[in-house]
Every structure is written in structure tokens, then in C-alpha cells.
$ cat coords.txt   # compact mmCIF, C-alpha atoms
# COMPACT_ATOMS: atom_id res chain seq x y z
CA MET A 84 -7.55 -14.76 -11.86
CA ALA A 85 -10.64 -13.78 -13.83
CA LEU A 86 -12.74 -13.99 -10.68
CA LEU A 87 -10.29 -11.78 -8.79
CA ASP A 88 -10.23 -9.24 -11.64
CA ASP A 89 -14.02 -9.05 -11.46
CA MET A 90 -13.87 -8.54 -7.70
CA ILE A 91 -11.21 -5.77 -7.71
CA PRO A 92 -13.62 -2.78 -7.85
CA LEU A 93 -15.47 -4.09 -4.80
CA LEU A 94 -12.23 -4.79 -2.93
CA ILE A 95 -11.11 -1.22 -3.56
CA GLU A 96 -14.47 0.06 -2.34
CA ILE A 97 -14.09 -1.99 0.85
CA GLN A 98 -10.56 -0.66 1.36
CA SER A 99 -11.83 2.93 1.15
CA ASN A 100 -14.86 2.44 3.40
CA LEU A 101 -13.77 0.33 6.36
CA ALA A 102 -15.79 2.47 8.80
CA GLN A 103 -19.05 1.65 7.00
CA ASP A 104 -21.37 -1.30 7.48
CA LEU A 105 -19.75 -4.10 5.46
CA ASP A 106 -21.78 -7.15 6.44
CA LEU A 107 -22.37 -10.03 4.05
CA GLU A 108 -25.81 -8.89 2.89
CA THR A 109 -24.62 -5.34 2.20
CA LEU A 110 -21.64 -6.51 0.14
CA ALA A 111 -23.66 -9.12 -1.74
CA ARG A 112 -26.23 -6.48 -2.66
CA ARG A 113 -23.54 -4.20 -4.09
CA PHE A 114 -22.24 -7.05 -6.23
CA GLY A 115 -25.70 -8.14 -7.31
CA TYR A 116 -25.56 -11.65 -5.82
CA SER A 117 -27.43 -13.50 -3.12
CA PRO A 118 -25.46 -13.66 0.17
CA PHE A 119 -24.89 -17.42 -0.24
CA HIS A 120 -23.61 -17.16 -3.81
CA PHE A 121 -21.57 -14.04 -3.07
CA GLN A 122 -19.78 -15.69 -0.14
CA ARG A 123 -18.85 -18.68 -2.29
CA VAL A 124 -17.59 -16.55 -5.20
CA PHE A 125 -15.73 -14.13 -2.91
CA LYS A 126 -13.87 -16.89 -1.08
CA GLU A 127 -12.96 -18.60 -4.36
CA ALA A 128 -11.53 -15.31 -5.71
CA VAL A 129 -9.91 -13.83 -2.60
CA GLY A 130 -9.10 -16.85 -0.44
CA GLU A 131 -11.04 -15.51 2.55
CA THR A 132 -14.70 -15.08 3.37
CA PRO A 133 -15.99 -11.48 3.16
CA TRP A 134 -16.05 -11.28 6.97
CA GLN A 135 -12.47 -12.57 7.27
CA TYR A 136 -11.27 -10.13 4.62
CA VAL A 137 -12.95 -7.06 6.13
CA HIS A 138 -11.97 -8.06 9.66
CA ARG A 139 -8.30 -8.50 8.70
CA LEU A 140 -8.13 -5.18 6.83
CA ARG A 141 -9.68 -3.36 9.79
CA LEU A 142 -7.18 -4.79 12.26
CA GLU A 143 -4.18 -4.20 9.98
CA LYS A 144 -5.28 -0.61 9.43
CA ALA A 145 -5.68 -0.17 13.18
CA ALA A 146 -2.18 -1.55 13.82
CA TYR A 147 -0.76 0.93 11.31
CA LEU A 148 -2.61 3.87 12.83
CA LEU A 149 -1.51 2.93 16.34
CA LEU A 150 2.12 3.32 15.29
CA ILE A 151 1.92 6.44 13.13
CA THR A 152 -0.66 8.56 14.94
CA GLY A 153 -1.36 9.80 18.45
CA ASP A 154 -5.10 9.20 18.05
CA SER A 155 -6.88 7.53 20.94
CA ILE A 156 -7.54 3.81 20.76
CA LEU A 157 -11.27 4.50 20.80
CA ASP A 158 -11.00 6.88 17.84
CA ILE A 159 -8.91 4.37 15.89
CA SER A 160 -11.37 1.57 16.60
CA LEU A 161 -14.23 3.68 15.25
CA VAL A 162 -12.26 4.82 12.18
CA VAL A 163 -11.63 1.22 11.12
CA GLY A 164 -15.23 0.14 11.65
CA PHE A 165 -15.54 -1.37 15.14
CA ARG A 166 -18.61 -0.31 17.08
CA ASN A 167 -16.98 -0.12 20.52
CA HIS A 168 -13.64 -0.22 22.31
CA GLU A 169 -14.20 -3.60 23.98
CA THR A 170 -14.99 -5.48 20.76
CA PHE A 171 -11.97 -3.91 19.08
CA SER A 172 -9.61 -4.71 21.95
CA ARG A 173 -10.66 -8.36 22.04
CA ALA A 174 -10.26 -8.75 18.29
CA PHE A 175 -6.90 -6.96 18.29
CA ARG A 176 -5.53 -9.09 21.10
CA LYS A 177 -6.61 -12.26 19.32
CA ALA A 178 -4.90 -11.15 16.09
CA PHE A 179 -1.68 -9.65 17.50
CA GLY A 180 -1.30 -11.31 20.89
CA CYS A 181 -1.46 -8.11 22.94
CA ALA A 182 -3.70 -5.18 23.74
CA PRO A 183 -3.68 -2.17 21.38
CA SER A 184 -1.99 -0.02 24.05
CA GLU A 185 0.78 -2.60 24.49
CA TYR A 186 1.24 -2.88 20.72
CA ARG A 187 1.66 0.89 20.45
CA LYS A 188 4.04 1.08 23.42
CA GLU A 189 6.26 -1.77 22.25
CA GLY A 190 6.24 -0.59 18.64
CA ARG A 191 7.34 2.89 19.58
CA ARG A 192 10.02 1.55 21.90
CA GLU A 193 11.44 -0.50 19.03
CA GLN A 194 11.26 2.53 16.76
CA ARG A 195 13.23 4.68 19.21
CA GLN A 196 15.87 2.00 19.62
CA ARG A 197 16.25 1.56 15.87
CA ILE A 198 16.48 5.30 15.29
CA GLU A 199 19.23 5.62 17.87
CA ARG A 200 21.05 2.55 16.56
CA ASN A 201 20.88 3.66 12.92
CA ARG A 202 21.27 7.40 13.31
CA ASP A 203 24.19 7.49 10.84
CA PHE A 204 23.01 4.63 8.64
CA ARG A 205 23.42 5.30 4.90
CA GLY A 206 22.69 1.89 3.44
CA ARG A 207 24.22 -1.58 3.32
CA SER A 208 25.05 -2.86 -0.18
CA CYS A 209 23.09 0.11 -1.53
CA THR A 210 23.19 3.91 -1.56
CA LEU A 211 20.52 6.00 0.15
CA SER A 212 20.10 9.73 -0.34
CA GLU A 213 19.29 12.21 2.37
CA VAL A 214 15.59 12.36 3.15
CA ARG A 215 13.78 15.38 1.78
CA PHE A 216 10.19 16.60 1.88
CA GLU A 217 8.30 17.70 -1.20
CA SER A 218 4.92 17.67 -2.91
CA LEU A 219 3.78 15.26 -5.58
CA ARG A 220 1.46 16.76 -8.15
CA PRO A 221 -2.04 15.35 -8.75
CA MET A 222 -2.08 12.83 -11.58
CA THR A 223 -4.51 10.64 -13.46
CA LEU A 224 -3.16 7.11 -13.28
CA LEU A 225 -4.03 3.97 -15.18
CA CYS A 226 -3.72 1.06 -12.76
CA ILE A 227 -3.74 -2.69 -12.40
CA ARG A 228 -4.30 -4.12 -8.91
CA THR A 229 -2.11 -7.10 -8.06
CA VAL A 230 -2.39 -9.13 -4.87
CA GLY A 231 0.56 -11.15 -3.61
CA ASP A 232 4.02 -11.04 -2.12
CA TYR A 233 5.65 -7.65 -2.75
CA TRP A 234 9.02 -9.32 -3.15
CA LYS A 235 7.72 -11.38 -6.06
CA ILE A 236 6.51 -8.44 -8.16
CA PRO A 237 8.81 -8.29 -11.21
CA ARG A 238 10.71 -5.11 -11.97
CA SER A 239 8.79 -2.88 -14.38
CA PHE A 240 9.38 -3.58 -18.08
CA SER A 241 11.56 -6.59 -17.31
CA ASN A 242 11.06 -9.81 -19.26
CA GLU A 243 8.86 -11.12 -16.44
CA ASP A 244 6.72 -7.98 -16.08
CA ARG A 245 3.02 -8.43 -16.88
CA LEU A 246 1.80 -5.26 -15.15
CA TRP A 247 3.43 -2.03 -16.34
CA SER A 248 4.13 -3.53 -19.77
CA ARG A 249 0.43 -4.34 -20.11
CA LEU A 250 -0.54 -0.78 -19.15
CA VAL A 251 1.74 0.79 -21.74
CA SER A 252 0.63 -1.64 -24.45
CA TRP A 253 -3.03 -0.97 -23.64
CA THR A 254 -2.65 2.79 -24.02
CA TYR A 255 -0.51 2.46 -27.16
CA GLU A 256 -3.05 0.20 -28.87
CA ARG A 257 -5.82 2.74 -28.19
CA GLY A 258 -3.86 5.90 -28.99
CA ILE A 259 -4.15 7.17 -25.42
CA ALA A 260 -1.54 9.68 -24.28
CA SER A 261 0.53 8.19 -21.48
CA GLN A 262 3.91 8.34 -19.83
CA GLY A 263 5.91 5.16 -19.44
CA LEU A 264 6.81 6.15 -15.89
CA PRO A 265 6.31 3.07 -13.67
CA ILE A 266 4.65 3.93 -10.38
CA GLY A 267 3.72 1.49 -7.63
CA LEU A 268 1.20 2.23 -4.86
CA TYR A 269 1.77 -0.15 -1.95
CA HIS A 270 -1.17 -0.37 0.43
CA ASP A 271 0.06 -2.78 3.10
CA ASP A 272 2.76 -3.02 5.75
CA PRO A 273 4.63 -6.21 4.77
CA THR A 274 5.61 -6.76 8.41
CA VAL A 275 1.91 -7.14 9.25
CA THR A 276 -0.03 -8.27 6.16
CA PRO A 277 0.60 -11.87 5.01
CA PRO A 278 2.56 -11.98 1.72
CA ALA A 279 -0.27 -13.61 -0.20
CA ALA A 280 -2.64 -10.75 0.75
CA GLN A 281 -0.40 -7.74 0.03
CA ARG A 282 -2.01 -5.20 -2.33
CA CYS A 283 -0.18 -3.14 -4.93
CA ASP A 284 -1.48 -0.90 -7.72
CA ALA A 285 0.89 -0.87 -10.70
CA CYS A 286 0.33 2.49 -12.44
CA ILE A 287 1.40 4.79 -15.25
CA PRO A 288 0.37 8.45 -15.66
CA ILE A 289 -2.10 9.21 -18.43
CA GLY A 290 -4.10 12.22 -19.12
CA PRO A 291 -5.07 14.69 -18.42
CA THR A 292 -8.49 13.01 -18.71
CA ALA A 293 -9.51 9.65 -17.29
CA VAL A 294 -10.50 6.93 -19.75
CA PRO A 295 -12.73 3.86 -19.41
CA GLY A 296 -10.59 0.96 -18.25
CA GLY A 297 -10.50 -2.57 -19.54
CA ARG A 298 -10.68 -5.89 -17.75
CA GLY A 299 -8.68 -5.47 -14.56
CA LEU A 300 -7.64 -1.91 -15.52
CA ARG A 301 -9.02 1.25 -13.98
CA CYS A 302 -8.28 4.96 -13.72
CA LEU A 303 -7.32 6.54 -10.42
CA ASP A 304 -7.26 10.21 -9.50
CA PHE A 305 -4.05 10.45 -7.49
CA ALA A 306 -4.42 13.46 -5.20
CA GLY A 307 -0.71 14.10 -4.65
CA GLY A 308 0.25 16.21 -1.65
CA GLY A 309 3.11 16.19 0.82
CA TYR A 310 5.58 13.32 0.96
CA GLY A 311 8.86 12.37 2.52
CA VAL A 312 11.14 10.96 -0.16
CA ILE A 313 14.40 9.03 -0.32
CA GLU A 314 16.34 7.79 -3.34
CA HIS A 315 17.52 4.19 -3.36
CA THR A 316 20.27 2.95 -5.67
CA GLY A 317 21.14 -0.72 -5.45
CA PRO A 318 19.74 -4.25 -5.77
CA ALA A 319 16.01 -4.69 -5.29
CA SER A 320 16.73 -6.87 -2.25
CA THR A 321 17.95 -3.82 -0.31
CA ILE A 322 14.98 -1.52 -0.88
CA ASP A 323 13.53 -2.27 2.56
CA GLN A 324 16.48 -0.33 4.02
CA ALA A 325 15.22 2.78 2.23
CA PHE A 326 11.73 2.39 3.65
CA ARG A 327 13.06 2.06 7.20
CA ARG A 328 15.41 5.03 6.81
CA LEU A 329 12.62 7.20 5.39
CA ALA A 330 10.09 6.19 8.07
CA ASP A 331 12.58 6.92 10.85
CA ALA A 332 13.38 10.33 9.41
CA ILE A 333 9.68 11.21 9.43
CA ARG A 334 9.33 10.01 13.04
CA ILE A 335 12.07 12.32 14.31
CA SER A 336 11.08 15.29 12.16
CA PRO A 337 9.86 18.29 14.20
CA ARG A 338 7.84 19.55 11.25
CA TYR A 339 6.28 16.52 9.56
CA THR A 340 4.20 13.56 10.63
CA PHE A 341 2.70 10.60 8.80
CA ARG A 342 -0.65 10.85 7.06
CA ASP A 343 -2.75 8.00 5.81
CA GLY A 344 -2.17 6.69 2.30
CA PRO A 345 -0.15 4.14 0.35
CA ALA A 346 3.61 4.19 -0.03
CA VAL A 347 4.69 5.25 -3.52
CA GLU A 348 7.60 3.90 -5.56
CA ILE A 349 8.69 5.55 -8.80
CA GLU A 350 11.19 3.48 -10.72
CA ARG A 351 13.70 5.64 -12.57
CA ASP A 352 16.20 3.38 -14.30
CA THR A 353 18.09 0.09 -14.08
CA LEU A 354 21.74 -0.69 -14.78
CA VAL A 355 22.41 -4.34 -15.44
CA GLY A 356 25.90 -5.20 -14.24
CA ALA A 357 27.99 -8.33 -14.12
CA GLU A 358 26.65 -9.45 -10.73
CA ALA A 359 23.23 -7.88 -10.17
CA ALA A 360 20.85 -5.29 -11.52
CA ILE A 361 21.26 -1.88 -9.89
CA HIS A 362 17.98 -0.01 -9.59
CA HIS A 363 17.36 3.68 -9.05
CA THR A 364 14.05 4.13 -7.26
CA ASP A 365 12.40 7.10 -5.52
CA ILE A 366 10.39 6.06 -2.48
CA TYR A 367 7.66 8.26 -0.98
CA LEU A 368 5.66 8.10 2.25
CA PRO A 369 2.74 10.51 2.71
CA VAL A 370 3.19 13.25 5.34
CA SER A 371 1.45 16.32 6.65
CA THR A 372 2.85 19.25 8.58
CA VAL A 373 2.61 19.21 12.35

$ encode --input "coords.txt" --output "C-alpha cells"
Amino acid sequence: MALLDDMIPLLIEIQSNLAQDLDLETLARRFGYSPFHFQRVFKEAVGETPWQYVHRLRLEKAAYLLLITGDSILDISLVVGFRNHETFSRAFRKAFGCAPSEYRKEGRREQRQRIERNRDFRGRSCTLSEVRFESLRPMTLLCIRTVGDYWKIPRSFSNEDRLWSRLVSWTYERGIASQGLPIGLYHDDPTVTPPAAQRCDACIPIGPTAVPGGRGLRCLDFAGGGYGVIEHTGPASTIDQAFRRLADAIRISPRYTFRDGPAVEIERDTLVGAEAAIHHTDIYLPVSTV
């Protein structure tokens, strides 16, 4: 874990700069290691070689953009760091078993069918609000990056939580003004990214000024902006229904379309009942106007 904590700043830099040259020598230079030593340390910390990690992120980002944008396949390939259409298409087919154009066509066909099938869907074993569109304000967030299965992340401030509880304790011990509002930034599509590689930033608002982080902790300037939002009330196991309902509402909206950025969860409260904990969570997906 210590190795991964040390690597987090570089992983975030890679995530934000997929279009740049991210070969082994370039990455090793940024970390201050020789290429040989860097490759060994990186694989020990992340579970993949630098090339495997960058290559996977580029293809997963491309798959996401194919489904949420109308950008050309060539433009998408360049945005995620491939030098030409042919190299991208070969890599994409090897990873997903079909050409990028086929992936987009089949994905959108499935989306249309699901939207039609679930037009009146309001939740199964949970309650979903109507979808609305609003702006989130800019915030300074104190974050911890965690990598692993989204479904295994403990609820904030539960007995098992070692993320949000650590953030609040860290600010309290240092007299830093903070809000105990648990926010999660989810960077991956769990239907595409393997569970062990899924990235989440557990966050709380602080401020208004950023502070130096500690080991594994960092400050993030959250830009805010337009979002589609839905409220989910029910067991944690049903929250995927809210994501699907929200995404479908954005797809059929005549005014809004997806924009790039992580999904946001803001956990409001939890009621522990006789059978299961009932959670109230606001879920946001970033949008822009058409």
C-alpha cells in the first residue's frame, strides 16, 4: 500500500494527460528513477507495467467517449493518445472484440432498447427521484485515492470506513476547517474497467484555501459546473439502478449531453433498519448544454 500511495500523484498525472507521450523513459524521468527500476516499482505497486496501465486507460477512455459523444473515431483516438486510426482500431478490437464503430453502434442500440423498456422505471427495491439538472459549485476538496472494486468501498463513516473517517480526523487534528460531507468521485465505468483497477477519490470539502496534504492525501480544485442529478434512497446494492436511470435521462434530453468527468456521489444520511441500511445518496453525472 505504501508503494501505491507514493505512486498516486503520478497515476493522477497520467489520467489527466493521456494524449501526451507517456513512454517508459518519460514516466521514469518524472518519478526520478531509471526506466528499469521504475518499471519494477510501478508493477509492484499497480499490478501492471506502465505500458499496460497507460494502454488500458486509453482504451477504456475511448470506449466511454464512443458511447457518450458524437466525435469521430479519429478524433477520439487522438484525444486518448493514439498516433493514428489504424493503430487505435487494432488495439481496440483486441481489447473489446470488435471495431470501434461496431462498439458504438451496438452500445447505442442497447441504450435505445433499455430506454424504451424502462421508460416508466422508478426503482426496484429502492426509490429514485425525478432527474433534474443543476450546477455544482466549485469546491476545494481533500481527497484520498483508492483503487479497487467499487462495490467493496465501505459506506462513509461506517465502522469499516478508512477513507472519509481518515480525512475528517486529519483535518480535526490540524485545526483545518472542513465539512464532514462525504463525496466520492468515481473515474471508471464498472462495466468496462476490471474491479481491481477501479479508481475512486474519497473527498470532503475544506477551505476555502488548499492545504498541503499528507501521505496519500491531496487537495483537489473541483471545478463544479453542470450536472444531471438523481436521488437514490435504498440499500447500497441498488444504487446502480440510479446510475442507469440518470444516464438514460441525459441521453434522451433535448437540452443536455454528457461531458467528460467523473461521476459524483454525495452521501446524505443512512437509516439502519431491521433488515438493511437505507441510504440517501445524490448521484451526479457531468453534462453540458447542447

$ closest_residue --input "coords.txt" --among "A:Thr340, A:Ser99, A:Thr276, A:Gln135" --to "Thr152 of chain A" --atoms "only C-alpha atoms"
A:Thr340

$ atom_distance --input "coords.txt" --atom1 "atom CA of Ala178 of chain A" --atom2 "atom CA of Val137 of chain A"
13.4 Å

$ residues_near_point --input "coords.txt" --point "(-22.2, -13.1, -3.8)" --cutoff "8 Å" --atoms "all atoms listed in the file" --output "PyMOL selection string"
chain A and resi 110-112+114-125

$ closest_residue --input "coords.txt" --among "A:Val251, A:Leu211, A:Val129, A:Ile156" --to "Asp323 of chain A" --atoms "only C-alpha atoms"
A:Leu211

$ atom_distance --input "coords.txt" --atom1 "atom CA of Arg187 of chain A" --atom2 "atom CA of Glu314 of chain A"
28.8 Å

$ residues_around --input "coords.txt" --residues "segment 140-143 of chain A" --least-positions-apart "4" --cutoff "7 Å" --atoms "all atoms listed in the file" --output "list of chain:residue names"
A:Leu101, A:Tyr136, A:Tyr147, A:Val163, A:Gly164, A:Phe175, A:Val275, A:Thr276

$ closest_residue --input "coords.txt" --among "A:Ser336, A:Gln262, A:Asn100, A:Ser160" --to "Ser172 of chain A" --atoms "only C-alpha atoms"
A:Ser160

$ residues_around --input "coords.txt" --residues "segment 306-312 of chain A" --least-positions-apart "5" --cutoff "12 Å" --atoms "all atoms listed in the file" --output "PyMOL selection string"
chain A and resi 211-224+325-334+336+338-349+364-373

$ residues_around --input "coords.txt" --residues "segment 200-209 of chain A" --least-positions-apart "5" --cutoff "8 Å" --atoms "only C-alpha atoms" --output "list in words"
His315, Thr316, Gly317, Pro318, Thr321, Gln324, Ala325 and Arg328 of chain A

$ closest_residue --input "coords.txt" --among "A:Cys302, A:Asp352, A:Arg228, A:Gln281" --to "Pro265 of chain A" --atoms "all atoms listed in the file"
A:Asp352

$ axis_aligned_box --input "coords.txt" --around "segment 263-267 of chain A" --padding-each-side "3 Å" --output "lines of an AutoDock Vina configuration file"
center_x = 5.3
center_y = 3.8
center_z = -13.5
size_x = 9.1
size_y = 10.7
size_z = 17.8

$ closest_residue --input "coords.txt" --among "A:Ile91, A:Val162, A:Glu127, A:Pro133" --to "Asp106 of chain A" --atoms "only C-alpha atoms"
A:Pro133

$ closest_residue --input "coords.txt" --among "A:Ser320, A:Ser261, A:Thr254, A:Gln98" --to "Ile236 of chain A" --atoms "all atoms listed in the file"
A:Ser320

$ atom_distance --input "coords.txt" --atom1 "atom CA of Arg249 of chain A" --atom2 "atom CA of Cys226 of chain A"
10.0 Å

$ decode --input "coords.txt" --residues "segment 171-275 of chain A" --atoms "C-alpha atoms" --output "short mmCIF file (atom, residue, chain, number, x, y, z; two decimals), in the first residue's frame"
data_model
loop_
_atom_site.label_atom_id
_atom_site.label_comp_id
_atom_site.auth_asym_id
_atom_site.auth_seq_id
_atom_site.Cartn_x
_atom_site.Cartn_y
_atom_site.Cartn_z
CA PHE A 171 -6.12 2.54 -32.41
CA SER A 172 -8.56 0.29 -34.27
CA ARG A 173 -6.30 -2.75 -33.95
CA ALA A 174 -5.77 -2.17 -30.23
CA PHE A 175 -9.47 -1.54 -29.63
CA ARG A 176 -10.51 -4.69 -31.47
CA LYS A 177 -8.03 -6.76 -29.48
CA ALA A 178 -9.34 -5.35 -26.18
CA PHE A 179 -13.09 -5.35 -26.88
CA GLY A 180 -13.52 -7.93 -29.62
CA CYS A 181 -14.95 -5.54 -32.22
CA ALA A 182 -14.13 -2.42 -34.18
CA PRO A 183 -14.76 0.98 -32.55
CA SER A 184 -17.62 1.68 -34.99
CA GLU A 185 -19.29 -1.62 -34.11
CA TYR A 186 -18.85 -0.96 -30.39
CA ARG A 187 -20.54 2.42 -30.75
CA LYS A 188 -23.37 1.05 -32.90
CA GLU A 189 -24.13 -1.89 -30.61
CA GLY A 190 -23.81 0.21 -27.45
CA ARG A 191 -26.26 2.79 -28.70
CA ARG A 192 -28.68 0.11 -29.86
CA GLU A 193 -28.66 -1.38 -26.36
CA GLN A 194 -29.13 2.07 -24.87
CA ARG A 195 -32.20 2.75 -27.03
CA GLN A 196 -33.71 -0.60 -26.15
CA ARG A 197 -33.14 -0.06 -22.43
CA ILE A 198 -34.59 3.44 -22.54
CA GLU A 199 -37.73 2.18 -24.25
CA ARG A 200 -38.02 -0.80 -21.90
CA ASN A 201 -37.53 1.28 -18.75
CA ARG A 202 -39.32 4.47 -19.74
CA ASP A 203 -41.51 4.37 -16.61
CA PHE A 204 -38.95 2.73 -14.32
CA ARG A 205 -38.83 4.27 -10.82
CA GLY A 206 -36.63 1.80 -8.99
CA ARG A 207 -36.74 -1.79 -7.77
CA SER A 208 -36.33 -2.22 -4.00
CA CYS A 209 -35.35 1.45 -3.86
CA THR A 210 -36.81 4.89 -4.56
CA LEU A 211 -35.49 7.12 -7.33
CA SER A 212 -36.35 10.78 -7.71
CA GLU A 213 -37.06 12.52 -10.97
CA VAL A 214 -33.90 13.55 -12.79
CA ARG A 215 -33.07 17.24 -12.61
CA PHE A 216 -30.26 19.40 -13.97
CA GLU A 217 -28.32 21.84 -11.82
CA SER A 218 -24.89 23.30 -11.17
CA LEU A 219 -22.44 22.20 -8.52
CA ARG A 220 -20.36 24.99 -7.07
CA PRO A 221 -16.55 24.92 -7.22
CA MET A 222 -15.03 23.43 -4.08
CA THR A 223 -11.64 22.69 -2.59
CA LEU A 224 -11.64 19.01 -1.69
CA LEU A 225 -9.32 16.95 0.47
CA CYS A 226 -9.03 13.53 -1.15
CA ILE A 227 -7.73 10.01 -0.76
CA ARG A 228 -7.40 7.90 -3.91
CA THR A 229 -8.49 4.28 -3.51
CA VAL A 230 -8.14 1.62 -6.19
CA GLY A 231 -10.35 -1.46 -6.14
CA ASP A 232 -13.84 -2.82 -6.57
CA TYR A 233 -16.42 -0.04 -6.18
CA TRP A 234 -18.81 -2.47 -4.51
CA LYS A 235 -16.29 -3.14 -1.75
CA ILE A 236 -15.83 0.50 -0.70
CA PRO A 237 -17.37 0.80 2.79
CA ARG A 238 -20.09 3.34 3.42
CA SER A 239 -18.67 6.63 4.70
CA PHE A 240 -18.21 6.85 8.48
CA SER A 241 -19.26 3.24 8.97
CA ASN A 242 -17.25 1.00 11.29
CA GLU A 243 -15.34 -0.33 8.26
CA ASP A 244 -14.60 3.08 6.71
CA ARG A 245 -10.90 4.00 6.49
CA LEU A 246 -11.30 6.78 3.90
CA TRP A 247 -13.71 9.57 4.85
CA SER A 248 -13.11 8.95 8.56
CA ARG A 249 -9.38 9.42 7.99
CA LEU A 250 -9.97 12.69 6.11
CA VAL A 251 -12.10 14.16 8.89
CA SER A 252 -9.67 13.04 11.59
CA TRP A 253 -6.74 14.52 9.65
CA THR A 254 -8.38 17.95 9.38
CA TYR A 255 -9.57 17.88 13.00
CA GLU A 256 -6.10 17.07 14.33
CA ARG A 257 -4.63 20.02 12.41
CA GLY A 258 -7.40 22.53 13.10
CA ILE A 259 -8.31 22.78 9.42
CA ALA A 260 -11.82 23.96 8.60
CA SER A 261 -13.74 21.19 6.85
CA GLN A 262 -17.19 19.85 6.23
CA GLY A 263 -17.94 16.24 7.06
CA LEU A 264 -19.83 15.87 3.79
CA PRO A 265 -18.71 12.60 2.17
CA ILE A 266 -18.17 12.96 -1.56
CA GLY A 267 -17.00 10.24 -3.93
CA LEU A 268 -15.53 10.89 -7.38
CA TYR A 269 -15.77 7.73 -9.49
CA HIS A 270 -13.49 7.75 -12.52
CA ASP A 271 -14.27 4.44 -14.21
CA ASP A 272 -17.17 2.67 -15.88
CA PRO A 273 -17.52 -0.53 -13.81
CA THR A 274 -18.95 -2.36 -16.83
CA VAL A 275 -15.61 -1.82 -18.60
#
